[in-house]
Amino acid sequence: MKKTSWLSKLTSAMATGAAAFLLFSGLASAHVTVNPSVAQTSAWQTYSIKIPSEKELPTTKITLKIPEGVAFKQYQPLAGWKITTEKNDSNEVTSITWEIDGDNQGILAGQFQQFNFVAQNPEAETEVAWDAFQYYSDGSIVEWTGQPGDNNPHSITAISKDPATGDAATGGDHHSTGSNGHDSAGTAGNATNGTTADTTTDDKKANEDTTLGDALSDTVTGEPNNTDSDPGTLKLQQATLIVSILALIMSFLGIALATRRKKR
């Protein structure tokens with residue numbers, strides 16, 4: 001009977017530790033992210049920003065800063081959300097904001113929302129950082145502007161001439177691009193199939209040039225990309241695992257001590 005009790009307590013302690021690990025791992029990965037994490041130079045890329053609500057309050061607005069060197073082109077409309085952009089003196093979009101509209105309650109606790117937009121990537125290989133600002137219904141703001149390893153890191157996209165190689169190195173996902181550098185998943189909307197890309201006799205320029213018509217004629221996949229592989233998340237998950245293991249060991253020692261006292 002004592003053996004059965006011992007086994008039951010040990011199983012319960014292990015289950016508690018595992019549940020705690022899964023809970024904290026889930027919270028650790030719930031960052032505002034922009035995907036893909038690797039993209040082709042000069043390509044017209046469909047990006048997706050994923051916003052989870054980490055508080056017991058709805059998210060009512062999100063503002064995303066467009067990184068320098070990235071040329072914002074268009075967004076995908078979404079029912080229940082008012083979408084606005086800000087521009088600089090050169091008429092370049094510097095930020096885009098999604099805000100609840102009408103009867104929309106926002107992104108509730110335990111939910112996430114994904115927004116899609118198209119931008120043209122820089123010509124040279126680089127890394128671009130996406131600063132985002134998440135607004136909750138109580139007026140509080142979470143600034144996703146930190147470096148990798150911070151509590152609120154911004155999302156980073158590596159712009160590469162060979163995104164397949166970069167993706168294999170980072171383990172992330174990205175939308176595939178065509179032979180002319182176009183993103184294979186552009187935006188839906190008022191597109192016409194008759195619009196085609198401009199062509200030139202220069203093969204290199206033909207491979208790099210893209211047009212708004214090509215991006216418009218593509219179809220949004222609508223599939224969320226849930227890869228969160230920033231170093232900060234990994235470190236927090238590792239720390240959580242260590243805490244869970246220590247808690248399990250302490251539970252085990254407590255059970256052993258209690259059993260010895262009963263035998264005495």
# chains A, B, ... in the order shown; residues from 1 in each chain; ligands from 1
call {"tool": "residues_around", "arguments": {"residues": "Phe115 of chain A", "least_positions_apart": "6", "cutoff": "7 Å", "atoms": "only C-alpha atoms", "output": "NGL selection string"}}
result
:A and (48-50)
call {"tool": "residues_around", "arguments": {"residues": "segment 128-143 of chain A", "least_positions_apart": "3", "cutoff": "8 Å", "atoms": "only C-alpha atoms", "output": "PyMOL selection string"}}
result
chain A and resi 32+34+57-68+146+152+154-159
call {"tool": "residues_around", "arguments": {"residues": "Tyr47 of chain A", "least_positions_apart": "2", "cutoff": "9 Å", "atoms": "only C-alpha atoms", "output": "ChimeraX atom specification"}}
result
/A:34-36,45,49,115-119,175,186
call {"tool": "atom_distance", "arguments": {"atom1": "atom CA of Val38 of chain A", "atom2": "atom CA of Ser160 of chain A"}}
result
7.0 Å
call {"tool": "select_by_dssp", "arguments": {"residues": "segment 90-162 of chain A", "states": "strand (DSSP E or B)", "output": "ChimeraX atom specification"}}
result
/A:93-100,107,112-120,126-130,132-136,141-144,146,153,155-160
call {"tool": "atom_distance", "arguments": {"atom1": "atom CA of Glu54 of chain A", "atom2": "atom CA of Gln111 of chain A"}}
result
8.7 Å
call {"tool": "select_by_dssp", "arguments": {"residues": "segment 94-166 of chain A", "states": "alpha helix (DSSP H)", "output": "PyMOL selection string"}}
result
chain A and resi 163-166
call {"tool": "write_last_selection", "arguments": {"atoms": "N, CA, C and O atoms", "output": "CSV table (one decimal), in the first residue's frame"}}
result
chain,number,residue,atom,x,y,z
A,163,PRO,N,17.9,33.2,-49.8
A,163,PRO,CA,17.1,32.9,-48.6
A,163,PRO,C,16.9,31.5,-48.2
A,163,PRO,O,16.7,31.2,-47.0
A,164,ALA,N,17.1,30.6,-49.2
A,164,ALA,CA,17.0,29.1,-48.8
A,164,ALA,C,18.1,28.7,-47.9
A,164,ALA,O,17.9,28.0,-46.9
A,165,THR,N,19.3,29.3,-48.2
A,165,THR,CA,20.5,29.0,-47.3
A,165,THR,C,20.3,29.6,-46.0
A,165,THR,O,20.6,29.0,-44.9
A,166,GLY,N,19.8,30.9,-46.0
A,166,GLY,CA,19.6,31.6,-44.7
A,166,GLY,C,18.6,30.9,-43.9
A,166,GLY,O,18.7,30.8,-42.6
call {"tool": "closest_residue", "arguments": {"among": "A:Glu92, A:Pro77, A:Pro52, A:Asp150", "to": "Gly106 of chain A", "atoms": "only C-alpha atoms"}}
result
A:Pro52
